[in-house]
file entry-v3.cif (mmCIF, C-alpha atoms)
data_work
loop_
_atom_site.label_atom_id
_atom_site.label_comp_id
_atom_site.auth_asym_id
_atom_site.auth_seq_id
_atom_site.Cartn_x
_atom_site.Cartn_y
_atom_site.Cartn_z
CA MET N 1 124.51 -13.45 54.19
CA ARG N 2 121.93 -16.17 54.70
CA ILE N 3 120.97 -18.38 51.75
CA HIS N 4 117.44 -19.80 51.63
CA ARG N 5 116.78 -22.54 49.08
CA ASN N 6 113.04 -22.90 49.53
CA TRP N 7 110.29 -20.34 49.25
CA SER N 8 108.02 -21.99 51.81
CA GLY N 9 108.61 -22.17 55.53
CA VAL N 10 110.96 -19.19 55.69
CA ASP N 11 111.55 -18.29 59.33
CA ALA N 12 110.41 -15.01 60.86
CA GLY N 13 113.91 -13.55 60.87
CA ALA N 14 114.07 -13.78 57.09
CA ARG N 15 110.72 -12.11 56.44
CA GLY N 16 110.06 -8.42 55.91
CA ALA N 17 112.98 -7.81 53.55
CA SER N 18 113.21 -5.38 50.68
CA VAL N 19 114.15 -7.57 47.75
CA ALA N 20 115.50 -7.22 44.24
CA LEU N 21 113.85 -9.83 42.02
CA GLY N 22 115.42 -11.37 38.92
CA ASN N 23 117.97 -13.85 37.59
CA PHE N 24 121.05 -11.66 38.21
CA ASP N 25 123.31 -13.63 35.86
CA GLY N 26 126.62 -11.80 36.06
CA VAL N 27 125.42 -9.29 38.69
CA HIS N 28 126.24 -6.51 36.21
CA LEU N 29 125.81 -2.76 36.67
CA GLY N 30 122.14 -2.93 35.69
CA HIS N 31 121.53 -5.58 38.33
CA GLN N 32 123.47 -3.53 40.86
CA ALA N 33 121.23 -0.52 40.18
CA VAL N 34 118.17 -2.65 40.97
CA ILE N 35 119.83 -3.90 44.16
CA ASP N 36 120.71 -0.34 45.23
CA LEU N 37 117.06 0.69 44.92
CA ALA N 38 116.07 -2.22 47.15
CA ARG N 39 118.75 -1.18 49.65
CA LYS N 40 117.24 2.32 49.93
CA GLN N 41 114.02 1.00 51.49
CA GLY N 42 115.67 0.81 54.92
CA ARG N 43 114.89 -2.86 55.48
CA PRO N 44 117.03 -6.01 55.40
CA LEU N 45 118.31 -6.38 51.83
CA GLY N 46 117.25 -9.50 49.98
CA ILE N 47 117.66 -11.03 46.53
CA VAL N 48 114.98 -13.32 45.08
CA THR N 49 116.40 -15.35 42.22
CA PHE N 50 115.89 -18.75 40.62
CA GLU N 51 117.94 -21.93 40.54
CA PRO N 52 118.27 -23.38 38.01
CA HIS N 53 117.94 -20.43 35.67
CA PRO N 54 114.52 -20.68 33.95
CA ARG N 55 116.23 -20.96 30.54
CA GLU N 56 118.04 -24.06 31.78
CA TYR N 57 114.74 -25.56 32.92
CA PHE N 58 112.88 -24.95 29.65
CA ALA N 59 115.81 -25.74 27.31
CA PRO N 60 118.14 -28.14 29.14
CA ASP N 61 119.92 -29.17 25.93
CA ALA N 62 120.64 -25.63 24.72
CA PRO N 63 124.28 -24.40 24.65
CA PRO N 64 125.55 -23.14 28.02
CA PHE N 65 124.82 -19.45 28.52
CA ARG N 66 125.32 -18.64 32.20
CA LEU N 67 127.97 -16.11 33.16
CA MET N 68 128.04 -17.40 36.73
CA ASN N 69 127.22 -20.56 38.58
CA ALA N 70 125.13 -20.26 41.72
CA GLU N 71 128.17 -20.19 44.00
CA ALA N 72 129.86 -17.36 42.10
CA ARG N 73 126.63 -15.36 42.09
CA ALA N 74 126.29 -15.82 45.85
CA HIS N 75 129.88 -14.66 46.40
CA ARG N 76 129.29 -11.51 44.36
CA LEU N 77 125.99 -10.71 46.09
CA GLU N 78 127.56 -11.16 49.50
CA LYS N 79 130.22 -8.60 48.55
CA LEU N 80 127.39 -6.17 47.78
CA GLY N 81 126.07 -6.44 51.34
CA VAL N 82 123.03 -8.63 50.70
CA ASP N 83 121.49 -9.99 53.91
CA HIS N 84 119.25 -12.71 52.48
CA LEU N 85 119.58 -14.64 49.22
CA TYR N 86 116.39 -16.52 48.35
CA GLU N 87 117.25 -19.10 45.67
CA VAL N 88 113.77 -20.14 44.61
CA PRO N 89 113.79 -23.65 43.05
CA PHE N 90 112.59 -23.32 39.47
CA ASP N 91 110.59 -26.49 38.84
CA GLY N 92 107.32 -27.60 37.33
CA THR N 93 105.31 -26.13 40.20
CA LEU N 94 106.85 -22.70 39.79
CA ALA N 95 106.69 -22.81 35.98
CA ALA N 96 102.93 -23.45 36.14
CA MET N 97 102.14 -20.56 38.50
CA THR N 98 100.19 -17.65 37.11
CA PRO N 99 101.73 -14.24 37.81
CA GLU N 100 99.17 -13.53 40.53
CA THR N 101 99.74 -16.90 42.20
CA PHE N 102 103.49 -16.31 42.21
CA ALA N 103 103.04 -12.91 43.84
CA ARG N 104 100.65 -14.23 46.47
CA GLU N 105 102.12 -17.65 47.30
CA VAL N 106 105.85 -17.10 46.81
CA LEU N 107 106.45 -13.43 47.53
CA VAL N 108 103.84 -12.84 50.24
CA ASN N 109 102.88 -16.12 51.90
CA GLY N 110 106.24 -17.78 51.34
CA LEU N 111 108.90 -15.10 51.71
CA GLY N 112 106.91 -12.34 53.40
CA VAL N 113 108.56 -9.57 51.39
CA ALA N 114 107.91 -5.94 52.32
CA HIS N 115 109.10 -4.36 49.08
CA VAL N 116 110.10 -5.61 45.61
CA VAL N 117 112.33 -3.90 43.04
CA VAL N 118 112.45 -5.13 39.43
CA GLY N 119 113.64 -3.79 36.11
CA ASN N 120 111.09 -2.24 33.79
CA ASP N 121 111.43 -5.20 31.42
CA PHE N 122 110.84 -7.88 34.08
CA ARG N 123 108.52 -10.75 33.11
CA PHE N 124 107.28 -13.55 35.35
CA GLY N 125 104.68 -16.27 35.82
CA LYS N 126 103.40 -18.95 33.45
CA ASP N 127 104.27 -18.16 29.83
CA ARG N 128 106.02 -15.00 31.13
CA ALA N 129 102.59 -13.37 31.16
CA GLY N 130 103.29 -11.06 34.10
CA THR N 131 104.86 -7.64 33.57
CA ALA N 132 106.40 -5.14 35.95
CA ASP N 133 103.11 -3.19 35.89
CA HIS N 134 101.21 -6.36 36.85
CA LEU N 135 103.57 -6.79 39.80
CA ARG N 136 102.89 -3.24 40.94
CA ARG N 137 99.14 -3.88 40.91
CA TYR N 138 99.57 -7.13 42.86
CA GLY N 139 101.64 -5.24 45.39
CA LEU N 140 98.80 -2.81 45.99
CA ASP N 141 96.37 -5.69 46.49
CA LEU N 142 98.65 -7.90 48.60
CA GLY N 143 100.40 -5.30 50.73
CA PHE N 144 103.97 -4.99 49.44
CA GLY N 145 105.63 -2.03 47.81
CA VAL N 146 107.01 -2.16 44.26
CA THR N 147 109.68 -0.02 42.62
CA LEU N 148 110.44 -0.23 38.90
CA ALA N 149 114.06 0.38 37.88
CA ASP N 150 115.02 1.97 34.57
CA LEU N 151 117.41 0.09 32.29
CA ILE N 152 121.05 1.14 32.62
CA SER N 153 123.05 1.97 29.50
CA ASP N 154 126.72 2.66 28.82
CA ASP N 155 127.37 5.26 26.11
CA GLY N 156 123.93 4.57 24.67
CA THR N 157 124.40 0.78 24.67
CA GLU N 158 122.15 -1.22 26.96
CA ILE N 159 123.99 -3.16 29.64
CA SER N 160 122.77 -6.73 29.53
CA SER N 161 123.97 -10.27 30.13
CA THR N 162 123.70 -10.80 26.35
CA ALA N 163 126.03 -7.89 25.59
CA ILE N 164 128.50 -9.21 28.18
CA ARG N 165 128.45 -12.69 26.64
CA THR N 166 129.19 -11.14 23.25
CA ALA N 167 132.17 -9.23 24.64
CA LEU N 168 133.56 -12.37 26.25
CA SER N 169 133.00 -14.44 23.09
CA GLU N 170 135.00 -11.86 21.14
CA GLY N 171 137.91 -11.84 23.62
CA ARG N 172 137.11 -8.43 25.11
CA PRO N 173 137.19 -9.05 28.89
CA GLY N 174 137.85 -5.36 29.57
CA ASP N 175 134.61 -4.37 27.81
CA ALA N 176 132.77 -7.09 29.73
CA ALA N 177 134.21 -5.76 32.99
CA ALA N 178 133.03 -2.23 32.14
CA MET N 179 129.45 -3.53 31.98
CA LEU N 180 129.80 -5.88 34.93
CA GLY N 181 131.44 -3.40 37.26
CA HIS N 182 133.95 -6.14 38.13
CA TRP N 183 136.15 -8.66 36.33
CA HIS N 184 134.41 -11.63 34.81
CA ARG N 185 135.33 -14.59 37.01
CA ILE N 186 135.23 -18.35 36.66
CA GLU N 187 134.86 -20.09 40.01
CA GLY N 188 135.02 -23.68 41.12
CA PRO N 189 137.18 -26.44 42.61
CA VAL N 190 140.60 -27.42 41.32
CA LEU N 191 140.36 -30.80 39.61
CA HIS N 192 142.95 -33.47 38.90
CA GLY N 193 144.10 -33.30 35.27
CA GLU N 194 146.74 -34.94 33.10
CA LYS N 195 149.51 -33.01 34.96
CA ARG N 196 151.14 -32.07 31.63
CA GLY N 197 151.77 -28.54 32.84
CA ARG N 198 153.93 -29.84 35.67
CA GLU N 199 155.99 -31.85 33.19
CA LEU N 200 156.47 -28.72 31.06
CA GLY N 201 157.55 -26.61 34.03
CA TYR N 202 154.23 -24.77 34.27
CA PRO N 203 152.00 -26.59 36.79
CA THR N 204 148.40 -25.48 36.41
CA ALA N 205 145.22 -25.51 38.46
CA ASN N 206 142.56 -27.13 36.28
CA MET N 207 138.90 -26.09 36.53
CA ALA N 208 135.78 -27.14 34.64
CA ILE N 209 133.62 -24.60 32.83
CA THR N 210 130.65 -26.96 32.45
CA GLY N 211 127.35 -25.08 32.27
CA LEU N 212 128.98 -21.69 31.71
CA HIS N 213 129.08 -19.51 28.62
CA PRO N 214 132.59 -20.07 27.21
CA PRO N 215 134.66 -16.93 26.67
CA LYS N 216 136.91 -16.86 23.61
CA PHE N 217 139.34 -19.74 23.72
CA GLY N 218 142.91 -18.67 24.26
CA VAL N 219 145.37 -17.39 26.83
CA TYR N 220 144.56 -14.69 29.39
CA ALA N 221 146.30 -12.60 32.00
CA VAL N 222 144.38 -13.40 35.18
CA GLU N 223 143.98 -12.53 38.83
CA ILE N 224 143.30 -15.47 41.12
CA ASP N 225 141.67 -15.67 44.53
CA VAL N 226 142.22 -18.97 46.33
CA LEU N 227 139.03 -19.14 48.39
CA THR N 228 139.60 -22.28 50.45
CA GLY N 229 142.43 -24.49 51.63
CA ALA N 230 145.89 -23.87 53.01
CA HIS N 231 146.89 -21.30 50.37
CA GLN N 232 144.04 -18.80 50.64
CA GLY N 233 144.97 -15.45 49.17
CA SER N 234 145.30 -13.44 45.97
CA TYR N 235 147.72 -14.17 43.14
CA HIS N 236 148.53 -13.18 39.57
CA GLY N 237 148.92 -15.62 36.73
CA ALA N 238 148.26 -16.71 33.16
CA ALA N 239 145.48 -19.07 32.14
CA SER N 240 144.64 -21.12 29.08
CA LEU N 241 140.96 -21.53 28.30
CA GLY N 242 140.01 -24.10 25.71
CA VAL N 243 140.32 -27.69 24.51
CA ARG N 244 144.14 -28.07 24.39
CA PRO N 245 144.51 -28.84 20.66
CA MET N 246 148.18 -29.70 21.12
CA PHE N 247 147.10 -32.85 22.96
CA GLY N 248 143.93 -33.72 21.05
CA GLU N 249 141.53 -32.85 23.87
CA ASN N 250 137.92 -31.93 23.14
CA VAL N 251 136.45 -30.91 26.52
CA ALA N 252 137.01 -27.26 27.34
CA ASN N 253 138.47 -26.29 30.69
CA LEU N 254 140.48 -23.55 32.37
CA GLU N 255 144.14 -24.19 33.23
CA THR N 256 145.71 -21.51 35.44
CA PHE N 257 149.39 -21.03 36.20
CA LEU N 258 149.95 -19.00 39.38
CA PHE N 259 153.09 -16.88 39.30
CA ASP N 260 155.68 -17.50 42.02
CA PHE N 261 153.52 -20.13 43.73
CA THR N 262 154.42 -23.50 45.16
CA GLY N 263 151.91 -25.79 46.80
CA ASP N 264 149.04 -28.17 46.25
CA LEU N 265 145.70 -26.66 45.23
CA TYR N 266 143.75 -29.85 44.51
CA GLY N 267 140.24 -29.55 45.93
CA ALA N 268 140.61 -25.86 46.76
CA ASP N 269 138.01 -23.42 45.39
CA LEU N 270 139.42 -20.78 43.05
CA SER N 271 138.00 -17.59 41.58
CA VAL N 272 139.85 -16.67 38.37
CA ALA N 273 139.32 -13.19 36.90
CA LEU N 274 139.90 -12.76 33.16
CA VAL N 275 141.82 -9.47 32.92
CA ALA N 276 143.25 -9.39 29.39
CA PHE N 277 143.12 -11.63 26.31
CA LEU N 278 146.66 -12.40 25.14
CA ARG N 279 146.24 -14.65 22.11
CA PRO N 280 143.95 -17.28 20.57
CA GLU N 281 144.34 -20.98 21.28
CA ALA N 282 146.92 -22.58 18.97
CA LYS N 283 148.49 -25.89 18.08
CA PHE N 284 152.28 -26.00 17.97
CA ASP N 285 154.64 -28.17 15.94
CA SER N 286 156.69 -29.20 18.95
CA ILE N 287 156.77 -29.19 22.73
CA ASP N 288 159.73 -26.77 22.60
CA GLN N 289 157.64 -24.29 20.61
CA LEU N 290 154.82 -24.64 23.14
CA ILE N 291 157.16 -23.99 26.08
CA ALA N 292 158.67 -20.95 24.35
CA GLN N 293 155.19 -19.52 23.75
CA MET N 294 154.21 -20.19 27.39
CA GLU N 295 157.27 -18.25 28.52
CA ALA N 296 156.26 -15.34 26.28
CA ASP N 297 152.65 -15.49 27.48
CA CYS N 298 153.70 -15.35 31.13
CA ALA N 299 156.05 -12.44 30.47
CA GLU N 300 153.24 -10.51 28.76
CA ALA N 301 150.78 -11.33 31.55
CA ARG N 302 153.27 -10.13 34.16
CA ARG N 303 153.68 -6.86 32.23
CA ILE N 304 149.92 -6.28 31.99
CA LEU N 305 149.28 -7.15 35.65
CA GLY N 306 152.29 -5.22 36.93
CA THR N 307 153.81 -8.34 38.42
CA PRO N 308 157.60 -8.21 39.01
#

call {"tool": "encode", "arguments": {"input": "entry-v3.cif", "output": "structure tokens"}}
result
Amino acid sequence: MRIHRNWSGVDAGARGASVALGNFDGVHLGHQAVIDLARKQGRPLGIVTFEPHPREYFAPDAPPFRLMNAEARAHRLEKLGVDHLYEVPFDGTLAAMTPETFAREVLVNGLGVAHVVVGNDFRFGKDRAGTADHLRRYGLDLGFGVTLADLISDDGTEISSTAIRTALSEGRPGDAAAMLGHWHRIEGPVLHGEKRGRELGYPTANMAITGLHPPKFGVYAVEIDVLTGAHQGSYHGAASLGVRPMFGENVANLETFLFDFTGDLYGADLSVALVAFLRPEAKFDSIDQLIAQMEADCAEARRILGTP
């Protein structure tokens, strides 16, 4: 998959694609339905999305809401067989474009798209004035095809990034996965921490969740993919997501203990899938109580994951 981070000057080999257009936060089943319609056009498959997310641009101080960072989204889209990912920079220039200008300058002159697929509720352009029907009319005028995708629902409930955030906030990763079509994952590099886990006999890989919607704080059974470094591969484990109240911390992060693993993961990129919520975050009266609970958590995670 080729990633293009500018909408102007795209080379000839990246033009003529059939693209799905949207933010694709989470790449859930509704997004995948839009992508599948773009795939059916018989052209190179492209995704046109925005970075940063428009909500981040217009409300930079709002609470984090993203389900995925740009890297995690790219990994998921690559797994779906996308040929070209166009990450259009969302800046003042783009925010000021009228819907018609966006269609003409970005989609046609810039990216040279042949076909565009969007959801029926898609809005675009300055003040979100453009609708999916507007896009279809611009396509007729400017020479690209447009397909409108119906919203996908699960048992009568609309599948949306908002519904997935709610499930994660309530500690229901299985329900989130049912809407996503895959486990919710947190991806990023392993950072140096306080190394308390090593002292307790449970060394952990620490990852930041800055900029992401925080799932319910607590302990999870997890599946881990080590994406880079000497220990690439798939593992099972248990992870603590939260602020570590036992030690008076106040910055949330993800600490993952990989079962039956020895090695150094500092600097490696990990993808941690939240499989099952085990218990809420808690503060213990003693280190011995904490260690006993960690032993119980790992035993329960092994049972859920089928790990010997």

call {"tool": "residues_around", "arguments": {"input": "entry-v3.cif", "residues": "N:Arg104", "least_positions_apart": "3", "cutoff": "10 Å", "atoms": "all atoms listed in the file", "output": "list of chain:residue names"}}
result
N:Thr98, N:Pro99, N:Glu100, N:Thr101, N:Leu107, N:Val108, N:Asn109, N:Gly110, N:Leu111, N:Gly112, N:Tyr138, N:Gly139, N:Asp141, N:Leu142, N:Gly143

call {"tool": "resolve_selection", "arguments": {"input": "entry-v3.cif", "expression": "the PyMOL selection byres ((chain N and resi 129) around 12)", "output": "number ranges by chain"}}
result
N: 95-102, 122-128, 130-135

call {"tool": "residues_around", "arguments": {"input": "entry-v3.cif", "residues": "N:Gly242", "least_positions_apart": "3", "cutoff": "7 Å", "atoms": "all atoms listed in the file", "output": "PyMOL selection string"}}
result
chain N and resi 217-218+252-254+281

call {"tool": "write_last_selection", "arguments": {"input": "entry-v3.cif", "atoms": "C-alpha atoms", "output": "mmCIF file, keeping the file's coordinate frame"}}
result
data_model
loop_
_atom_site.group_PDB
_atom_site.id
_atom_site.type_symbol
_atom_site.label_atom_id
_atom_site.label_comp_id
_atom_site.auth_asym_id
_atom_site.auth_seq_id
_atom_site.Cartn_x
_atom_site.Cartn_y
_atom_site.Cartn_z
ATOM 1 C CA PHE N 217 139.340 -19.740 23.720
ATOM 2 C CA GLY N 218 142.910 -18.670 24.260
ATOM 3 C CA ALA N 252 137.010 -27.260 27.340
ATOM 4 C CA ASN N 253 138.470 -26.290 30.690
ATOM 5 C CA LEU N 254 140.480 -23.550 32.370
ATOM 6 C CA GLU N 281 144.340 -20.980 21.280
#

call {"tool": "resolve_selection", "arguments": {"input": "entry-v3.cif", "expression": "the PyMOL selection byres ((chain N and resi 36) around 12)", "output": "list in words"}}
result
Ser18, Val19, Ala20, Leu29, Gly30, His31, Gln32, Ala33, Val34, Ile35, Leu37, Ala38, Arg39, Lys40, Gln41, Gly42, Leu45, Gly46, Ile47, Leu77, Leu80, Gly81, Val82, Val116, Val117, Val118, Thr147 and Ala149 of chain N

call {"tool": "residues_near_point", "arguments": {"input": "entry-v3.cif", "point": "(134.1, -23.5, 26.5)", "cutoff": "10 Å", "atoms": "only C-alpha atoms", "output": "list of chain:residue names"}}
result
N:Pro64, N:Ser169, N:Ala208, N:Ile209, N:Thr210, N:Gly211, N:Leu212, N:His213, N:Pro214, N:Pro215, N:Lys216, N:Phe217, N:Leu241, N:Gly242, N:Val243, N:Asn250, N:Val251, N:Ala252, N:Asn253, N:Leu254

call {"tool": "residues_around", "arguments": {"input": "entry-v3.cif", "residues": "N:Asp91", "least_positions_apart": "6", "cutoff": "9 Å", "atoms": "only C-alpha atoms", "output": "VMD selection string"}}
result
chain N and resid 51 to 52 54 57

call {"tool": "resolve_selection", "arguments": {"input": "entry-v3.cif", "expression": "the PyMOL selection byres ((chain N and resi 85) around 9)", "output": "list in words"}}
result
Met1, Arg2, Ile3, His4, Arg5, Leu45, Gly46, Ile47, Val48, Thr49, Ala74, Leu77, Glu78, Val82, Asp83, His84, Tyr86 and Glu87 of chain N

call {"tool": "atom_distance", "arguments": {"input": "entry-v3.cif", "atom1": "atom CA of N:Leu274", "atom2": "atom CA of N:Arg172"}}
result
9.6 Å

call {"tool": "closest_residue", "arguments": {"input": "entry-v3.cif", "among": "N:His231, N:Pro280, N:Ser8, N:Tyr220", "to": "N:Arg302", "atoms": "only C-alpha atoms"}}
result
N:Tyr220

call {"tool": "closest_residue", "arguments": {"input": "entry-v3.cif", "among": "N:Leu227, N:Val219, N:Leu191, N:Leu151", "to": "N:Ala296", "atoms": "only C-alpha atoms"}}
result
N:Val219

call {"tool": "closest_residue", "arguments": {"input": "entry-v3.cif", "among": "N:Ile287, N:Ala282, N:Val88, N:Met179", "to": "N:Val10", "atoms": "all atoms listed in the file"}}
result
N:Val88

call {"tool": "closest_residue", "arguments": {"input": "entry-v3.cif", "among": "N:Ala299, N:Met294, N:Leu67, N:Leu148", "to": "N:His184", "atoms": "only C-alpha atoms"}}
result
N:Leu67

call {"tool": "closest_residue", "arguments": {"input": "entry-v3.cif", "among": "N:Gly22, N:Gly13, N:Gly237, N:Pro173", "to": "N:Phe257", "atoms": "all atoms listed in the file"}}
result
N:Gly237

call {"tool": "build_atoms", "arguments": {"input": "entry-v3.cif", "residues": "stretch 131-151 of chain N", "atoms": "N, CA, C and O atoms", "output": "compact mmCIF listing (two decimals), in the coordinates of the input"}}
result
# COMPACT_ATOMS: atom_id res chain seq x y z
N THR N 131 103.95 -8.75 33.83
CA THR N 131 104.86 -7.64 33.57
C THR N 131 105.16 -6.91 34.87
O THR N 131 104.56 -7.17 35.92
N ALA N 132 106.08 -5.95 34.78
CA ALA N 132 106.40 -5.14 35.95
C ALA N 132 105.17 -4.37 36.43
O ALA N 132 104.95 -4.20 37.63
N ASP N 133 104.34 -3.90 35.49
CA ASP N 133 103.11 -3.19 35.89
C ASP N 133 102.13 -4.12 36.59
O ASP N 133 101.44 -3.71 37.55
N HIS N 134 102.04 -5.39 36.14
CA HIS N 134 101.21 -6.36 36.85
C HIS N 134 101.70 -6.50 38.29
O HIS N 134 100.89 -6.54 39.23
N LEU N 135 103.02 -6.61 38.46
CA LEU N 135 103.57 -6.79 39.80
C LEU N 135 103.21 -5.61 40.70
O LEU N 135 102.89 -5.79 41.88
N ARG N 136 103.24 -4.42 40.15
CA ARG N 136 102.89 -3.24 40.94
C ARG N 136 101.43 -3.31 41.39
O ARG N 136 101.11 -2.98 42.55
N ARG N 137 100.55 -3.76 40.53
CA ARG N 137 99.14 -3.88 40.91
C ARG N 137 98.95 -4.96 41.98
O ARG N 137 98.18 -4.78 42.92
N TYR N 138 99.67 -6.08 41.84
CA TYR N 138 99.57 -7.13 42.86
C TYR N 138 100.08 -6.62 44.20
O TYR N 138 99.56 -6.99 45.26
N GLY N 139 101.12 -5.80 44.15
CA GLY N 139 101.64 -5.24 45.39
C GLY N 139 100.61 -4.41 46.12
O GLY N 139 100.48 -4.48 47.35
N LEU N 140 99.86 -3.62 45.38
CA LEU N 140 98.80 -2.81 45.99
C LEU N 140 97.75 -3.70 46.64
O LEU N 140 97.25 -3.41 47.73
N ASP N 141 97.41 -4.79 45.97
CA ASP N 141 96.37 -5.69 46.49
C ASP N 141 96.86 -6.53 47.67
O ASP N 141 96.10 -6.82 48.60
N LEU N 142 98.13 -6.93 47.62
CA LEU N 142 98.65 -7.90 48.60
C LEU N 142 99.49 -7.28 49.70
O LEU N 142 99.89 -7.98 50.64
N GLY N 143 99.75 -5.98 49.61
CA GLY N 143 100.40 -5.30 50.73
C GLY N 143 101.90 -5.21 50.70
O GLY N 143 102.54 -5.06 51.74
N PHE N 144 102.53 -5.25 49.50
CA PHE N 144 103.97 -4.99 49.44
C PHE N 144 104.24 -3.88 48.43
O PHE N 144 103.50 -3.70 47.46
N GLY N 145 105.27 -3.11 48.70
CA GLY N 145 105.63 -2.03 47.81
C GLY N 145 106.37 -2.54 46.59
O GLY N 145 107.01 -3.60 46.62
N VAL N 146 106.32 -1.79 45.51
CA VAL N 146 107.01 -2.16 44.26
C VAL N 146 107.68 -0.92 43.68
O VAL N 146 107.06 0.14 43.57
N THR N 147 108.94 -1.06 43.32
CA THR N 147 109.68 -0.02 42.62
C THR N 147 110.17 -0.58 41.29
O THR N 147 110.71 -1.70 41.25
N LEU N 148 109.98 0.18 40.23
CA LEU N 148 110.44 -0.23 38.90
C LEU N 148 111.73 0.53 38.58
O LEU N 148 111.79 1.75 38.69
N ALA N 149 112.76 -0.22 38.18
CA ALA N 149 114.06 0.38 37.88
C ALA N 149 114.22 0.56 36.38
O ALA N 149 113.89 -0.34 35.59
N ASP N 150 114.73 1.73 35.97
CA ASP N 150 115.02 1.97 34.57
C ASP N 150 116.23 1.15 34.13
O ASP N 150 117.11 0.83 34.93
N LEU N 151 116.27 0.81 32.83
CA LEU N 151 117.41 0.09 32.29
C LEU N 151 118.64 1.00 32.29
O LEU N 151 118.55 2.20 32.04
